[in-house]
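As provided, input_31.pdb (PDB, C-alpha atoms) reads as follows.
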```pdb
ATOM      1  CA  PRO A 287      67.071 -10.657  92.452  1.00  0.00           C
ATOM      2  CA  GLY A 288      69.569 -11.674  95.076  1.00  0.00           C
ATOM      3  CA  VAL A 289      72.597 -10.410  93.121  1.00  0.00           C
ATOM      4  CA  PHE A 290      74.563  -7.493  94.530  1.00  0.00           C
ATOM      5  CA  VAL A 291      76.648  -5.451  92.104  1.00  0.00           C
ATOM      6  CA  ALA A 292      79.093  -2.803  93.285  1.00  0.00           C
ATOM      7  CA  GLY A 293      82.052  -0.801  92.085  1.00  0.00           C
ATOM      8  CA  ASP A 294      83.302  -0.734  88.515  1.00  0.00           C
ATOM      9  CA  ALA A 295      80.976  -3.552  87.477  1.00  0.00           C
ATOM     10  CA  LYS A 296      77.960  -1.295  88.012  1.00  0.00           C
ATOM     11  CA  GLY A 297      79.090   1.948  86.473  1.00  0.00           C
ATOM     12  CA  ILE A 298      81.610   4.654  85.837  1.00  0.00           C
ATOM     13  CA  GLU A 299      83.009   6.189  88.996  1.00  0.00           C
ATOM     14  CA  GLU A 300      86.247   5.777  90.899  1.00  0.00           C
ATOM     15  CA  ALA A 301      87.961   3.789  93.642  1.00  0.00           C
ATOM     16  CA  THR A 302      86.442   5.403  96.737  1.00  0.00           C
ATOM     17  CA  THR A 303      82.885   4.928  95.508  1.00  0.00           C
ATOM     18  CA  ALA A 304      83.678   1.339  94.497  1.00  0.00           C
ATOM     19  CA  ILE A 305      84.970   0.571  97.990  1.00  0.00           C
ATOM     20  CA  VAL A 306      82.003   2.179  99.749  1.00  0.00           C
ATOM     21  CA  GLU A 307      79.520   0.493  97.394  1.00  0.00           C
ATOM     22  CA  GLY A 308      81.178  -2.843  98.164  1.00  0.00           C
ATOM     23  CA  GLN A 309      80.763  -2.224 101.879  1.00  0.00           C
ATOM     24  CA  ILE A 310      77.103  -1.279 101.382  1.00  0.00           C
ATOM     25  CA  ALA A 311      76.514  -4.410  99.280  1.00  0.00           C
ATOM     26  CA  ALA A 312      78.176  -6.591 101.923  1.00  0.00           C
ATOM     27  CA  LEU A 313      76.082  -5.110 104.730  1.00  0.00           C
ATOM     28  CA  THR A 314      72.930  -5.507 102.640  1.00  0.00           C
ATOM     29  CA  ALA A 315      73.786  -9.183 102.112  1.00  0.00           C
ATOM     30  CA  VAL A 316      74.346  -9.610 105.867  1.00  0.00           C
ATOM     31  CA  LEU A 317      70.944  -8.069 106.575  1.00  0.00           C
ATOM     32  CA  ARG A 318      69.265 -10.322 104.014  1.00  0.00           C
ATOM     33  CA  VAL A 319      70.774 -13.422 105.620  1.00  0.00           C
ATOM     34  CA  LEU A 320      70.581 -12.512 109.320  1.00  0.00           C
ATOM     35  CA  GLY A 321      67.642 -10.129 109.368  1.00  0.00           C
ATOM     36  CA  HIS A 322      67.742  -6.859 111.291  1.00  0.00           C
ATOM     37  CA  VAL A 323      71.082  -6.287 113.015  1.00  0.00           C
ATOM     38  CA  ASP A 324      71.244  -2.806 114.576  1.00  0.00           C
ATOM     39  CA  LYS A 325      74.980  -2.297 114.012  1.00  0.00           C
ATOM     40  CA  ALA A 326      74.767  -3.390 110.358  1.00  0.00           C
ATOM     41  CA  VAL A 327      71.745  -1.153 109.705  1.00  0.00           C
ATOM     42  CA  GLU A 328      73.463   1.850 111.318  1.00  0.00           C
ATOM     43  CA  GLU A 329      76.708   1.313 109.412  1.00  0.00           C
ATOM     44  CA  ARG A 330      74.890   0.806 106.096  1.00  0.00           C
ATOM     45  CA  GLU A 331      72.870   4.007 106.576  1.00  0.00           C
ATOM     46  CA  LYS A 332      76.039   5.911 107.510  1.00  0.00           C
ATOM     47  CA  LEU A 333      77.800   4.682 104.355  1.00  0.00           C
ATOM     48  CA  ILE A 334      74.828   5.554 102.147  1.00  0.00           C
ATOM     49  CA  ARG A 335      74.789   9.114 103.539  1.00  0.00           C
ATOM     50  CA  TYR A 336      78.559   9.391 103.065  1.00  0.00           C
ATOM     51  CA  LEU A 337      78.317   8.202  99.465  1.00  0.00           C
ATOM     52  CA  GLU A 338      75.521  10.656  98.668  1.00  0.00           C
ATOM     53  CA  GLN A 339      77.610  13.532 100.054  1.00  0.00           C
ATOM     54  CA  TYR A 340      80.815  12.311  98.392  1.00  0.00           C
ATOM     55  CA  ARG A 341      79.134  12.121  95.006  1.00  0.00           C
ATOM     56  CA  GLN A 342      78.247  15.829  95.271  1.00  0.00           C
ATOM     57  CA  SER A 343      81.923  16.718  95.648  1.00  0.00           C
ATOM     58  CA  PRO A 344      83.434  18.949  92.937  1.00  0.00           C
ATOM     59  CA  LEU A 345      86.143  16.282  92.604  1.00  0.00           C
ATOM     60  CA  LEU A 346      83.607  13.951  90.998  1.00  0.00           C
ATOM     61  CA  SER A 347      82.180  16.336  88.403  1.00  0.00           C
ATOM     62  CA  ARG A 348      83.787  14.338  85.551  1.00  0.00           C
ATOM     63  CA  SER A 349      82.429  11.079  86.985  1.00  0.00           C
ATOM     64  CA  ARG A 350      78.929  12.571  87.231  1.00  0.00           C
ATOM     65  CA  ALA A 351      79.169  13.695  83.600  1.00  0.00           C
ATOM     66  CA  GLY A 352      80.253  10.187  82.558  1.00  0.00           C
ATOM     67  CA  ILE A 353      77.438   8.549  84.510  1.00  0.00           C
ATOM     68  CA  GLU A 354      74.942  10.920  82.903  1.00  0.00           C
ATOM     69  CA  LYS A 355      76.205  10.005  79.415  1.00  0.00           C
ATOM     70  CA  ALA A 356      76.189   6.267  80.146  1.00  0.00           C
ATOM     71  CA  THR A 357      72.760   6.140  81.793  1.00  0.00           C
ATOM     72  CA  ILE A 358      69.832   5.021  79.658  1.00  0.00           C
ATOM     73  CA  LYS A 359      66.764   7.050  80.424  1.00  0.00           C
ATOM     74  CA  GLU A 360      63.262   5.634  80.065  1.00  0.00           C
TER      75      GLU A 360
END
```
Entire entry expressed as structure tokens:
Amino acid sequence: PGVFVAGDAKGIEEATTAIVEGQIAALTAVLRVLGHVDKAVEEREKLIRYLEQYRQSPLLSRSRAGIEKATIKE
């Protein structure tokens, strides 16, 4: 609790996702400290949507395969 992990430390992907995850983690930390800030909420939601779409890109098919192999399923 209270620890934000982003980028290569959290999994197998690539630079763009690491950068966007870092931005999402930073905005989440801001919201935890300051409470609701409209601009931060909007930007965080925009980045989350972007990341979801980006991860569906054919360019990341190898990354998705690597994540699938490295993920422990319950």
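Distance-wise, CA of Gly288 (chain A) and CA of Thr314 (chain A) end up 10.3 Å apart.
Of the residues under consideration (A:Ala312, A:Val289, A:Glu299, A:Glu307), A:Glu299 shows the shortest atom-to-atom contact distance to Ser347 (chain A) when counting only C-alpha atoms.
Closest to Gln309 (chain A) among A:Ala356, A:Leu345, A:Ala351, A:Val291 is A:Val291, based on all atoms listed in the file.
Put simply, CA of Gly308 (chain A) is 23.1 Å away from CA of Ile358 (chain A).
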For the point (76.0, 4.6, 101.3) in file coordinates, what residues are within 12 Å, counting only C-alpha atoms? Give the answer as a JSON list (two decimals) with C-alpha atoms, in the frame of the given file?
```
[["chain", "number", "residue", "atom", "x", "y", "z"],
["A", 292, "ALA", "CA", 79.09, -2.80, 93.28],
["A", 302, "THR", "CA", 86.44, 5.40, 96.74],
["A", 303, "THR", "CA", 82.88, 4.93, 95.51],
["A", 304, "ALA", "CA", 83.68, 1.34, 94.50],
["A", 305, "ILE", "CA", 84.97, 0.57, 97.99],
["A", 306, "VAL", "CA", 82.00, 2.18, 99.75],
["A", 307, "GLU", "CA", 79.52, 0.49, 97.39],
["A", 308, "GLY", "CA", 81.18, -2.84, 98.16],
["A", 309, "GLN", "CA", 80.76, -2.22, 101.88],
["A", 310, "ILE", "CA", 77.10, -1.28, 101.38],
["A", 311, "ALA", "CA", 76.51, -4.41, 99.28],
["A", 312, "ALA", "CA", 78.18, -6.59, 101.92],
["A", 313, "LEU", "CA", 76.08, -5.11, 104.73],
["A", 314, "THR", "CA", 72.93, -5.51, 102.64],
["A", 327, "VAL", "CA", 71.74, -1.15, 109.70],
["A", 328, "GLU", "CA", 73.46, 1.85, 111.32],
["A", 329, "GLU", "CA", 76.71, 1.31, 109.41],
["A", 330, "ARG", "CA", 74.89, 0.81, 106.10],
["A", 331, "GLU", "CA", 72.87, 4.01, 106.58],
["A", 332, "LYS", "CA", 76.04, 5.91, 107.51],
["A", 333, "LEU", "CA", 77.80, 4.68, 104.36],
["A", 334, "ILE", "CA", 74.83, 5.55, 102.15],
["A", 335, "ARG", "CA", 74.79, 9.11, 103.54],
["A", 336, "TYR", "CA", 78.56, 9.39, 103.06],
["A", 337, "LEU", "CA", 78.32, 8.20, 99.46],
["A", 338, "GLU", "CA", 75.52, 10.66, 98.67],
["A", 339, "GLN", "CA", 77.61, 13.53, 100.05],
["A", 340, "TYR", "CA", 80.82, 12.31, 98.39],
["A", 341, "ARG", "CA", 79.13, 12.12, 95.01]]
```
